[in-house]
$ cat input10.tsv   # TSV, N, CA and C atoms
chain	number	residue	atom	x	y	z
A	1	MET	N	-19.56	-6.68	-63.12
A	1	MET	CA	-19.15	-7.01	-61.77
A	1	MET	C	-18.46	-5.80	-61.13
A	2	ALA	N	-18.78	-5.56	-59.90
A	2	ALA	CA	-18.16	-4.47	-59.16
A	2	ALA	C	-16.78	-4.89	-58.66
A	3	LYS	N	-15.90	-3.91	-58.57
A	3	LYS	CA	-14.55	-4.20	-58.09
A	3	LYS	C	-14.51	-4.10	-56.57
A	4	GLY	N	-13.70	-4.95	-55.95
A	4	GLY	CA	-13.49	-4.87	-54.52
A	4	GLY	C	-14.45	-5.75	-53.74
A	5	HIS	N	-14.19	-5.78	-52.46
A	5	HIS	CA	-15.00	-6.56	-51.55
A	5	HIS	C	-16.32	-5.84	-51.26
A	6	ARG	N	-17.32	-6.60	-50.85
A	6	ARG	CA	-18.65	-6.04	-50.60
A	6	ARG	C	-18.61	-4.93	-49.56
A	7	SER	N	-17.82	-5.09	-48.50
A	7	SER	CA	-17.73	-4.06	-47.47
A	7	SER	C	-17.06	-2.79	-48.00
A	8	GLN	N	-16.10	-2.96	-48.91
A	8	GLN	CA	-15.44	-1.80	-49.51
A	8	GLN	C	-16.42	-1.03	-50.40
A	9	ILE	N	-17.25	-1.75	-51.14
A	9	ILE	CA	-18.24	-1.11	-52.01
A	9	ILE	C	-19.24	-0.34	-51.15
A	10	LYS	N	-19.68	-0.94	-50.04
A	10	LYS	CA	-20.61	-0.26	-49.14
A	10	LYS	C	-19.99	0.99	-48.54
A	11	ARG	N	-18.72	0.90	-48.15
A	11	ARG	CA	-18.03	2.04	-47.56
A	11	ARG	C	-17.95	3.19	-48.54
A	12	GLU	N	-17.64	2.90	-49.80
A	12	GLU	CA	-17.56	3.95	-50.82
A	12	GLU	C	-18.92	4.57	-51.09
A	13	ARG	N	-19.97	3.73	-51.10
A	13	ARG	CA	-21.32	4.24	-51.36
A	13	ARG	C	-21.78	5.14	-50.22
A	14	ASN	N	-21.48	4.76	-48.98
A	14	ASN	CA	-21.91	5.55	-47.83
A	14	ASN	C	-21.07	6.79	-47.61
A	15	ALA	N	-19.89	6.86	-48.22
A	15	ALA	CA	-19.02	8.03	-48.07
A	15	ALA	C	-19.59	9.25	-48.79
A	16	LYS	N	-20.38	9.02	-49.84
A	16	LYS	CA	-20.97	10.12	-50.60
A	16	LYS	C	-22.18	10.64	-49.83
A	17	LYS	N	-21.94	11.54	-48.86
A	17	LYS	CA	-22.99	12.06	-48.00
A	17	LYS	C	-23.58	13.32	-48.64
A	18	ASP	N	-24.91	13.40	-48.63
A	18	ASP	CA	-25.60	14.58	-49.15
A	18	ASP	C	-25.53	15.68	-48.09
A	19	THR	N	-24.87	16.80	-48.42
A	19	THR	CA	-24.65	17.87	-47.44
A	19	THR	C	-25.70	18.98	-47.54
A	20	ARG	N	-26.67	18.84	-48.42
A	20	ARG	CA	-27.70	19.87	-48.54
A	20	ARG	C	-28.59	19.85	-47.30
A	21	PRO	N	-28.98	21.04	-46.81
A	21	PRO	CA	-29.86	21.07	-45.63
A	21	PRO	C	-31.26	20.58	-46.00
A	22	SER	N	-31.84	19.79	-45.11
A	22	SER	CA	-33.16	19.25	-45.39
A	22	SER	C	-33.92	19.05	-44.09
A	23	ALA	N	-35.21	18.78	-44.24
A	23	ALA	CA	-36.07	18.44	-43.10
A	23	ALA	C	-37.09	17.44	-43.59
A	24	LYS	N	-37.45	16.49	-42.71
A	24	LYS	CA	-38.38	15.45	-43.08
A	24	LYS	C	-39.45	15.32	-42.00
A	25	LEU	N	-40.69	15.25	-42.43
A	25	LEU	CA	-41.81	15.02	-41.54
A	25	LEU	C	-42.35	13.63	-41.84
A	26	SER	N	-42.23	12.74	-40.86
A	26	SER	CA	-42.69	11.37	-41.04
A	26	SER	C	-44.08	11.19	-40.45
A	27	TYR	N	-44.86	10.36	-41.08
A	27	TYR	CA	-46.20	9.99	-40.63
A	27	TYR	C	-47.12	11.20	-40.47
A	28	ALA	N	-47.09	12.10	-41.46
A	28	ALA	CA	-48.00	13.25	-41.45
A	28	ALA	C	-49.40	12.76	-41.80
A	29	ARG	N	-50.41	13.20	-41.04
A	29	ARG	CA	-51.76	12.72	-41.26
A	29	ARG	C	-52.44	13.49	-42.39
A	30	VAL	N	-51.85	13.42	-43.56
A	30	VAL	CA	-52.41	14.01	-44.77
A	30	VAL	C	-52.02	13.09	-45.92
A	31	SER	N	-52.89	12.93	-46.89
A	31	SER	CA	-52.58	12.03	-47.99
A	31	SER	C	-51.51	12.64	-48.89
A	32	VAL	N	-50.84	11.78	-49.64
A	32	VAL	CA	-49.77	12.22	-50.53
A	32	VAL	C	-50.31	13.18	-51.58
A	33	GLN	N	-51.47	12.85	-52.12
A	33	GLN	CA	-52.05	13.68	-53.18
A	33	GLN	C	-52.34	15.09	-52.68
A	34	LYS	N	-52.89	15.21	-51.48
A	34	LYS	CA	-53.22	16.53	-50.92
A	34	LYS	C	-51.96	17.31	-50.56
A	35	ALA	N	-50.92	16.60	-50.10
A	35	ALA	CA	-49.66	17.27	-49.78
A	35	ALA	C	-48.98	17.77	-51.05
A	36	CYS	N	-49.08	16.99	-52.14
A	36	CYS	CA	-48.41	17.36	-53.39
A	36	CYS	C	-49.01	18.61	-54.02
A	37	PHE	N	-50.29	18.88	-53.80
A	37	PHE	CA	-50.88	20.12	-54.31
A	37	PHE	C	-50.13	21.33	-53.76
A	38	VAL	N	-49.80	21.28	-52.49
A	38	VAL	CA	-49.09	22.39	-51.84
A	38	VAL	C	-47.62	22.39	-52.24
A	39	LEU	N	-47.00	21.20	-52.29
A	39	LEU	CA	-45.58	21.12	-52.62
A	39	LEU	C	-45.30	21.60	-54.05
A	40	ASP	N	-46.23	21.32	-54.97
A	40	ASP	CA	-46.06	21.77	-56.36
A	40	ASP	C	-46.05	23.30	-56.45
A	41	ALA	N	-46.77	23.96	-55.55
A	41	ALA	CA	-46.85	25.43	-55.58
A	41	ALA	C	-45.55	26.08	-55.14
A	42	ILE	N	-44.74	25.41	-54.30
A	42	ILE	CA	-43.53	26.04	-53.76
A	42	ILE	C	-42.24	25.49	-54.34
A	43	ARG	N	-42.29	24.44	-55.13
A	43	ARG	CA	-41.08	23.81	-55.66
A	43	ARG	C	-40.31	24.79	-56.55
A	44	GLY	N	-39.00	24.95	-56.27
A	44	GLY	CA	-38.15	25.82	-57.07
A	44	GLY	C	-38.16	27.28	-56.66
A	45	LYS	N	-39.02	27.66	-55.75
A	45	LYS	CA	-39.13	29.06	-55.32
A	45	LYS	C	-38.09	29.36	-54.23
A	46	ASP	N	-37.79	30.66	-54.07
A	46	ASP	CA	-36.90	31.02	-52.97
A	46	ASP	C	-37.69	30.94	-51.67
A	47	VAL	N	-36.99	30.91	-50.56
A	47	VAL	CA	-37.58	30.58	-49.27
A	47	VAL	C	-38.63	31.61	-48.82
A	48	GLN	N	-38.34	32.90	-49.02
A	48	GLN	CA	-39.27	33.93	-48.57
A	48	GLN	C	-40.58	33.89	-49.36
A	49	THR	N	-40.49	33.65	-50.66
A	49	THR	CA	-41.69	33.53	-51.49
A	49	THR	C	-42.50	32.31	-51.08
A	50	ALA	N	-41.81	31.21	-50.82
A	50	ALA	CA	-42.49	29.97	-50.42
A	50	ALA	C	-43.22	30.15	-49.10
A	51	LEU	N	-42.60	30.84	-48.14
A	51	LEU	CA	-43.26	31.08	-46.86
A	51	LEU	C	-44.51	31.96	-47.03
A	52	GLY	N	-44.44	32.93	-47.95
A	52	GLY	CA	-45.60	33.76	-48.25
A	52	GLY	C	-46.73	32.96	-48.87
A	53	ILE	N	-46.39	32.06	-49.79
A	53	ILE	CA	-47.41	31.21	-50.43
A	53	ILE	C	-48.07	30.30	-49.38
A	54	LEU	N	-47.25	29.71	-48.51
A	54	LEU	CA	-47.79	28.79	-47.51
A	54	LEU	C	-48.65	29.50	-46.47
A	55	ALA	N	-48.30	30.75	-46.15
A	55	ALA	CA	-49.05	31.48	-45.13
A	55	ALA	C	-50.49	31.75	-45.57
A	56	TYR	N	-50.70	31.94	-46.87
A	56	TYR	CA	-52.04	32.29	-47.37
A	56	TYR	C	-52.72	31.15	-48.13
A	57	ASN	N	-52.14	29.95	-48.05
A	57	ASN	CA	-52.76	28.80	-48.69
A	57	ASN	C	-53.79	28.21	-47.72
A	58	PRO	N	-55.04	28.00	-48.15
A	58	PRO	CA	-56.08	27.53	-47.22
A	58	PRO	C	-56.02	26.04	-46.88
A	59	ARG	N	-55.20	25.27	-47.56
A	59	ARG	CA	-55.16	23.81	-47.34
A	59	ARG	C	-54.52	23.48	-45.99
A	60	TYR	N	-54.96	22.35	-45.42
A	60	TYR	CA	-54.43	21.89	-44.13
A	60	TYR	C	-52.95	21.53	-44.25
A	61	ALA	N	-52.55	20.94	-45.38
A	61	ALA	CA	-51.16	20.51	-45.55
A	61	ALA	C	-50.20	21.69	-45.54
A	62	SER	N	-50.67	22.89	-45.89
A	62	SER	CA	-49.77	24.04	-45.94
A	62	SER	C	-49.25	24.42	-44.56
A	63	THR	N	-50.03	24.19	-43.50
A	63	THR	CA	-49.55	24.50	-42.15
A	63	THR	C	-48.43	23.54	-41.75
A	64	LEU	N	-48.58	22.26	-42.12
A	64	LEU	CA	-47.54	21.27	-41.83
A	64	LEU	C	-46.26	21.58	-42.60
A	65	ILE	N	-46.42	21.92	-43.87
A	65	ILE	CA	-45.27	22.17	-44.74
A	65	ILE	C	-44.57	23.47	-44.36
A	66	GLU	N	-45.34	24.47	-43.90
A	66	GLU	CA	-44.74	25.73	-43.46
A	66	GLU	C	-43.82	25.49	-42.26
A	67	LYS	N	-44.29	24.70	-41.31
A	67	LYS	CA	-43.48	24.38	-40.14
A	67	LYS	C	-42.23	23.59	-40.53
A	68	LEU	N	-42.40	22.67	-41.49
A	68	LEU	CA	-41.28	21.87	-41.97
A	68	LEU	C	-40.25	22.73	-42.70
A	69	LEU	N	-40.72	23.70	-43.49
A	69	LEU	CA	-39.82	24.59	-44.22
A	69	LEU	C	-39.03	25.47	-43.25
A	70	LYS	N	-39.67	25.95	-42.20
A	70	LYS	CA	-38.95	26.75	-41.19
A	70	LYS	C	-37.88	25.92	-40.52
A	71	SER	N	-38.15	24.63	-40.31
A	71	SER	CA	-37.16	23.73	-39.72
A	71	SER	C	-35.97	23.54	-40.66
A	72	ALA	N	-36.25	23.38	-41.96
A	72	ALA	CA	-35.17	23.22	-42.94
A	72	ALA	C	-34.32	24.49	-43.03
A	73	ILE	N	-34.96	25.66	-42.93
A	73	ILE	CA	-34.22	26.93	-42.95
A	73	ILE	C	-33.31	27.03	-41.73
A	74	ALA	N	-33.82	26.63	-40.57
A	74	ALA	CA	-33.01	26.66	-39.35
A	74	ALA	C	-31.83	25.69	-39.45
A	75	ASN	N	-32.06	24.53	-40.07
A	75	ASN	CA	-30.97	23.56	-40.27
A	75	ASN	C	-29.89	24.15	-41.17
A	76	ALA	N	-30.31	24.84	-42.24
A	76	ALA	CA	-29.35	25.43	-43.17
A	76	ALA	C	-28.53	26.52	-42.49
A	77	GLU	N	-29.20	27.30	-41.66
A	77	GLU	CA	-28.53	28.43	-41.02
A	77	GLU	C	-27.59	27.97	-39.91
A	78	ASN	N	-28.06	27.05	-39.06
A	78	ASN	CA	-27.28	26.65	-37.88
A	78	ASN	C	-26.27	25.54	-38.17
A	79	ASN	N	-26.65	24.56	-38.96
A	79	ASN	CA	-25.76	23.41	-39.19
A	79	ASN	C	-24.79	23.64	-40.34
A	80	ASN	N	-25.26	24.31	-41.41
A	80	ASN	CA	-24.43	24.49	-42.60
A	80	ASN	C	-23.88	25.90	-42.75
A	81	GLY	N	-24.34	26.84	-41.95
A	81	GLY	CA	-23.86	28.21	-42.02
A	81	GLY	C	-24.21	28.92	-43.31
A	82	MET	N	-25.36	28.61	-43.88
A	82	MET	CA	-25.77	29.22	-45.15
A	82	MET	C	-26.51	30.53	-44.90
A	83	ASP	N	-26.51	31.38	-45.94
A	83	ASP	CA	-27.21	32.66	-45.89
A	83	ASP	C	-28.68	32.42	-46.25
A	84	VAL	N	-29.59	32.84	-45.37
A	84	VAL	CA	-31.02	32.57	-45.56
A	84	VAL	C	-31.57	33.26	-46.81
A	85	SER	N	-31.04	34.43	-47.14
A	85	SER	CA	-31.56	35.19	-48.28
A	85	SER	C	-31.25	34.52	-49.62
A	86	LYS	N	-30.26	33.61	-49.65
A	86	LYS	CA	-29.88	32.95	-50.90
A	86	LYS	C	-30.50	31.56	-51.06
A	87	LEU	N	-31.24	31.09	-50.06
A	87	LEU	CA	-31.79	29.73	-50.09
A	87	LEU	C	-33.00	29.62	-51.01
A	88	TYR	N	-33.12	28.46	-51.64
A	88	TYR	CA	-34.31	28.14	-52.42
A	88	TYR	C	-34.64	26.66	-52.23
A	89	ILE	N	-35.85	26.28	-52.59
A	89	ILE	CA	-36.30	24.89	-52.42
A	89	ILE	C	-35.88	24.11	-53.65
A	90	GLN	N	-34.89	23.25	-53.49
A	90	GLN	CA	-34.40	22.46	-54.61
A	90	GLN	C	-35.27	21.23	-54.84
A	91	GLU	N	-35.63	20.53	-53.78
A	91	GLU	CA	-36.47	19.35	-53.89
A	91	GLU	C	-37.52	19.40	-52.80
A	92	CYS	N	-38.71	18.96	-53.13
A	92	CYS	CA	-39.74	18.73	-52.12
A	92	CYS	C	-40.68	17.66	-52.66
A	93	TYR	N	-40.92	16.66	-51.84
A	93	TYR	CA	-41.75	15.54	-52.29
A	93	TYR	C	-42.43	14.88	-51.11
A	94	ALA	N	-43.47	14.12	-51.40
A	94	ALA	CA	-44.20	13.36	-50.39
A	94	ALA	C	-44.26	11.91	-50.83
A	95	ASN	N	-43.94	11.01	-49.91
A	95	ASN	CA	-44.00	9.58	-50.17
A	95	ASN	C	-45.08	8.96	-49.30
A	96	CYS	N	-45.55	7.79	-49.70
A	96	CYS	CA	-46.58	7.08	-48.95
A	96	CYS	C	-46.04	6.58	-47.63
A	97	ALA	N	-46.87	6.66	-46.61
A	97	ALA	CA	-46.59	6.09	-45.30
A	97	ALA	C	-47.64	5.01	-45.04
A	98	PRO	N	-47.53	4.26	-43.96
A	98	PRO	CA	-48.54	3.25	-43.69
A	98	PRO	C	-49.94	3.85	-43.59
A	99	THR	N	-50.92	3.12	-44.06
A	99	THR	CA	-52.31	3.56	-44.05
A	99	THR	C	-53.04	2.95	-42.86
A	100	MET	N	-53.77	3.79	-42.13
A	100	MET	CA	-54.59	3.27	-41.03
A	100	MET	C	-55.92	2.78	-41.62
A	101	LYS	N	-56.31	1.57	-41.23
A	101	LYS	CA	-57.57	1.01	-41.72
A	101	LYS	C	-58.61	1.08	-40.61
A	102	ARG	N	-59.75	1.65	-40.91
A	102	ARG	CA	-60.83	1.77	-39.95
A	102	ARG	C	-62.11	1.18	-40.56
A	103	ILE	N	-63.01	0.75	-39.72
A	103	ILE	CA	-64.27	0.15	-40.17
A	103	ILE	C	-65.42	1.11	-39.88
A	104	HIS	N	-66.28	1.30	-40.88
A	104	HIS	CA	-67.45	2.16	-40.75
A	104	HIS	C	-68.69	1.29	-40.97
A	105	PRO	N	-69.60	1.24	-39.99
A	105	PRO	CA	-70.79	0.40	-40.16
A	105	PRO	C	-71.74	0.97	-41.22
A	106	ARG	N	-72.31	0.08	-42.02
A	106	ARG	CA	-73.25	0.47	-43.06
A	106	ARG	C	-74.56	-0.29	-42.91
A	107	ALA	N	-75.46	-0.11	-43.84
A	107	ALA	CA	-76.79	-0.71	-43.74
A	107	ALA	C	-76.72	-2.24	-43.84
A	108	GLN	N	-77.67	-2.90	-43.22
A	108	GLN	CA	-77.86	-4.35	-43.27
A	108	GLN	C	-76.64	-5.11	-42.76
A	109	GLY	N	-75.98	-4.57	-41.74
A	109	GLY	CA	-74.89	-5.28	-41.10
A	109	GLY	C	-73.58	-5.30	-41.86
A	110	ARG	N	-73.50	-4.54	-42.92
A	110	ARG	CA	-72.24	-4.51	-43.69
A	110	ARG	C	-71.24	-3.57	-43.02
A	111	ALA	N	-69.98	-3.74	-43.37
A	111	ALA	CA	-68.92	-2.88	-42.84
A	111	ALA	C	-68.08	-2.40	-44.01
A	112	TYR	N	-67.93	-1.08	-44.11
A	112	TYR	CA	-67.09	-0.51	-45.15
A	112	TYR	C	-65.76	-0.11	-44.53
A	113	ARG	N	-64.70	-0.26	-45.29
A	113	ARG	CA	-63.36	0.08	-44.81
A	113	ARG	C	-63.06	1.54	-45.14
A	114	ILE	N	-62.58	2.27	-44.15
A	114	ILE	CA	-62.13	3.65	-44.32
A	114	ILE	C	-60.61	3.64	-44.28
A	115	LEU	N	-59.96	4.22	-45.27
A	115	LEU	CA	-58.50	4.28	-45.34
A	115	LEU	C	-58.05	5.69	-44.95
A	116	LYS	N	-57.36	5.78	-43.82
A	116	LYS	CA	-56.82	7.07	-43.39
A	116	LYS	C	-55.35	7.10	-43.79
A	117	ARG	N	-55.05	7.84	-44.82
A	117	ARG	CA	-53.73	7.81	-45.42
A	117	ARG	C	-52.77	8.77	-44.73
A	118	MET	N	-51.50	8.38	-44.73
A	118	MET	CA	-50.43	9.20	-44.15
A	118	MET	C	-49.33	9.37	-45.18
A	119	SER	N	-48.41	10.30	-44.92
A	119	SER	CA	-47.32	10.54	-45.86
A	119	SER	C	-46.06	10.95	-45.13
A	120	HIS	N	-44.93	10.77	-45.81
A	120	HIS	CA	-43.64	11.27	-45.36
A	120	HIS	C	-43.29	12.43	-46.28
A	121	ILE	N	-43.15	13.63	-45.73
A	121	ILE	CA	-42.88	14.83	-46.53
A	121	ILE	C	-41.43	15.25	-46.31
A	122	THR	N	-40.71	15.53	-47.42
A	122	THR	CA	-39.31	15.92	-47.35
A	122	THR	C	-39.09	17.22	-48.12
A	123	ILE	N	-38.31	18.12	-47.54
A	123	ILE	CA	-37.93	19.38	-48.20
A	123	ILE	C	-36.42	19.47	-48.16
A	124	VAL	N	-35.80	19.71	-49.34
A	124	VAL	CA	-34.36	19.88	-49.46
A	124	VAL	C	-34.07	21.26	-50.00
A	125	LEU	N	-33.21	22.01	-49.33
A	125	LEU	CA	-32.87	23.38	-49.73
A	125	LEU	C	-31.48	23.41	-50.35
A	126	ASN	N	-31.18	24.52	-51.01
A	126	ASN	CA	-29.84	24.75	-51.56
A	126	ASN	C	-29.64	26.25	-51.74
A	127	GLU	N	-28.39	26.65	-51.93
A	127	GLU	CA	-28.08	28.08	-52.14
A	127	GLU	C	-27.96	28.39	-53.62
A	128	ARG	N	-28.41	29.58	-53.99
A	128	ARG	CA	-28.24	30.04	-55.38
A	128	ARG	C	-26.87	30.64	-55.53
$ encode --input "input10.tsv" --output "C-alpha cells"
Amino acid sequence: MAKGHRSQIKRERNAKKDTRPSAKLSYARVSVQKACFVLDAIRGKDVQTALGILAYNPRYASTLIEKLLKSAIANAENNNGMDVSKLYIQECYANCAPTMKRIHPRAQGRAYRILKRMSHITIVLNER
C-alpha cells in the first residue's frame, strides 16, 4: 500500500520532471519499422555524427528524423543552455500511431484493405 492520499501520491509523481532536452514528431507518415532502421543507426552517437549519417541516408524517414534532431538541438541550446558540441542522442524511439485504413478494389468485386501506418518519433538528448 502506498502512503498518503491519492492526490499527494500524484503530486510527488508529477514533481519528478524529466529535464533532458527532447523533441517529438507525432503522426509521422512512416511506419515504425521503417523509422527504426534509421533510429538504430544514430542511437548513442554524438549530434554532429548523427546529422552526417542522416544527411546521406537514402531512406524517407531520415529526412523527418533529421528535422526532428535539429529541433531537439535547438531546444537543448535555447531552453536548457547546453553546449551543442557535448550533446549526444541518449534515447530515440518510434511508437505506433493510429493506422489509416483504405480500400483497394480487386478482381471479381472484392475489396482489399490497405493499411497506411503512422508513428510517433521521439528523440532525447543529453550532455557528455
$ atom_distance --input "input10.tsv" --atom1 "CA of Arg20 (chain A)" --atom2 "CA of Val32 (chain A)"
23.4 Å
$ atom_distance --input "input10.tsv" --atom1 "CA of Leu87 (chain A)" --atom2 "CA of Ser62 (chain A)"
19.3 Å
$ select_by_dssp --input "input10.tsv" --residues "region 7-91 of chain A" --states "strand (DSSP E)" --output "number ranges by chain"
A: 22-28, 87-91
$ decode --input "input10.tsv" --residues "region 95-125 of chain A" --atoms "N, CA and C atoms" --output "mmCIF file, in the first residue's frame"
data_model
loop_
_atom_site.group_PDB
_atom_site.id
_atom_site.type_symbol
_atom_site.label_atom_id
_atom_site.label_comp_id
_atom_site.auth_asym_id
_atom_site.auth_seq_id
_atom_site.Cartn_x
_atom_site.Cartn_y
_atom_site.Cartn_z
ATOM 1 N N ASN A 95 7.008 4.925 -31.732
ATOM 2 C CA ASN A 95 5.852 4.197 -31.240
ATOM 3 C C ASN A 95 4.753 4.219 -32.292
ATOM 4 N N CYS A 96 3.834 3.271 -32.191
ATOM 5 C CA CYS A 96 2.725 3.181 -33.138
ATOM 6 C C CYS A 96 1.766 4.343 -32.950
ATOM 7 N N ALA A 97 1.262 4.839 -34.056
ATOM 8 C CA ALA A 97 0.212 5.854 -34.082
ATOM 9 C C ALA A 97 -1.005 5.221 -34.757
ATOM 10 N N PRO A 98 -2.130 5.903 -34.790
ATOM 11 C CA PRO A 98 -3.297 5.326 -35.454
ATOM 12 C C PRO A 98 -3.010 4.991 -36.915
ATOM 13 N N THR A 99 -3.592 3.912 -37.387
ATOM 14 C CA THR A 99 -3.404 3.455 -38.759
ATOM 15 C C THR A 99 -4.584 3.895 -39.612
ATOM 16 N N MET A 100 -4.273 4.462 -40.783
ATOM 17 C CA MET A 100 -5.340 4.821 -41.718
ATOM 18 C C MET A 100 -5.705 3.579 -42.528
ATOM 19 N N LYS A 101 -7.002 3.301 -42.625
ATOM 20 C CA LYS A 101 -7.458 2.144 -43.389
ATOM 21 C C LYS A 101 -8.049 2.624 -44.707
ATOM 22 N N ARG A 102 -7.574 2.054 -45.793
ATOM 23 C CA ARG A 102 -8.055 2.411 -47.119
ATOM 24 C C ARG A 102 -8.479 1.130 -47.846
ATOM 25 N N ILE A 103 -9.373 1.268 -48.798
ATOM 26 C CA ILE A 103 -9.881 0.128 -49.560
ATOM 27 C C ILE A 103 -9.330 0.189 -50.978
ATOM 28 N N HIS A 104 -8.838 -0.959 -51.458
ATOM 29 C CA HIS A 104 -8.315 -1.074 -52.811
ATOM 30 C C HIS A 104 -9.158 -2.107 -53.554
ATOM 31 N N PRO A 105 -9.772 -1.729 -54.680
ATOM 32 C CA PRO A 105 -10.606 -2.691 -55.401
ATOM 33 C C PRO A 105 -9.769 -3.788 -56.057
ATOM 34 N N ARG A 106 -10.283 -5.011 -56.000
ATOM 35 C CA ARG A 106 -9.600 -6.160 -56.598
ATOM 36 C C ARG A 106 -10.538 -6.879 -57.558
ATOM 37 N N ALA A 107 -10.087 -7.988 -58.097
ATOM 38 C CA ALA A 107 -10.857 -8.711 -59.111
ATOM 39 C C ALA A 107 -12.150 -9.286 -58.528
ATOM 40 N N GLN A 108 -13.150 -9.427 -59.368
ATOM 41 C CA GLN A 108 -14.431 -10.056 -59.055
ATOM 42 C C GLN A 108 -15.154 -9.354 -57.903
ATOM 43 N N GLY A 109 -15.040 -8.031 -57.845
ATOM 44 C CA GLY A 109 -15.792 -7.254 -56.883
ATOM 45 C C GLY A 109 -15.281 -7.305 -55.458
ATOM 46 N N ARG A 110 -14.125 -7.884 -55.259
ATOM 47 C CA ARG A 110 -13.574 -7.946 -53.899
ATOM 48 C C ARG A 110 -12.897 -6.618 -53.547
ATOM 49 N N ALA A 111 -12.713 -6.408 -52.260
ATOM 50 C CA ALA A 111 -12.035 -5.199 -51.777
ATOM 51 C C ALA A 111 -10.960 -5.622 -50.789
ATOM 52 N N TYR A 112 -9.736 -5.183 -51.040
ATOM 53 C CA TYR A 112 -8.639 -5.465 -50.123
ATOM 54 C C TYR A 112 -8.379 -4.219 -49.289
ATOM 55 N N ARG A 113 -8.015 -4.432 -48.044
ATOM 56 C CA ARG A 113 -7.735 -3.317 -47.138
ATOM 57 C C ARG A 113 -6.253 -2.951 -47.221
ATOM 58 N N ILE A 114 -5.988 -1.666 -47.375
ATOM 59 C CA ILE A 114 -4.624 -1.127 -47.359
ATOM 60 C C ILE A 114 -4.436 -0.418 -46.031
ATOM 61 N N LEU A 115 -3.378 -0.747 -45.299
ATOM 62 C CA LEU A 115 -3.085 -0.127 -44.010
ATOM 63 C C LEU A 115 -1.951 0.879 -44.192
ATOM 64 N N LYS A 116 -2.274 2.151 -43.998
ATOM 65 C CA LYS A 116 -1.254 3.197 -44.091
ATOM 66 C C LYS A 116 -0.840 3.530 -42.659
ATOM 67 N N ARG A 117 0.316 3.067 -42.278
ATOM 68 C CA ARG A 117 0.749 3.154 -40.893
ATOM 69 C C ARG A 117 1.428 4.485 -40.594
ATOM 70 N N MET A 118 1.269 4.921 -39.345
ATOM 71 C CA MET A 118 1.886 6.157 -38.868
ATOM 72 C C MET A 118 2.658 5.858 -37.588
ATOM 73 N N SER A 119 3.494 6.798 -37.168
ATOM 74 C CA SER A 119 4.289 6.595 -35.960
ATOM 75 C C SER A 119 4.508 7.910 -35.228
ATOM 76 N N HIS A 120 4.809 7.785 -33.941
ATOM 77 C CA HIS A 120 5.236 8.908 -33.111
ATOM 78 C C HIS A 120 6.726 8.710 -32.856
ATOM 79 N N ILE A 121 7.561 9.643 -33.307
ATOM 80 C CA ILE A 121 9.017 9.512 -33.177
ATOM 81 C C ILE A 121 9.500 10.486 -32.109
ATOM 82 N N THR A 122 10.341 9.988 -31.183
ATOM 83 C CA THR A 122 10.859 10.806 -30.090
ATOM 84 C C THR A 122 12.382 10.717 -30.052
ATOM 85 N N ILE A 123 13.027 11.855 -29.849
ATOM 86 C CA ILE A 123 14.491 11.915 -29.690
ATOM 87 C C ILE A 123 14.778 12.654 -28.392
ATOM 88 N N VAL A 124 15.604 12.048 -27.517
ATOM 89 C CA VAL A 124 16.011 12.647 -26.257
ATOM 90 C C VAL A 124 17.519 12.808 -26.257
ATOM 91 N N LEU A 125 18.005 14.000 -25.972
ATOM 92 C CA LEU A 125 19.439 14.294 -25.965
ATOM 93 C C LEU A 125 19.943 14.417 -24.535
#
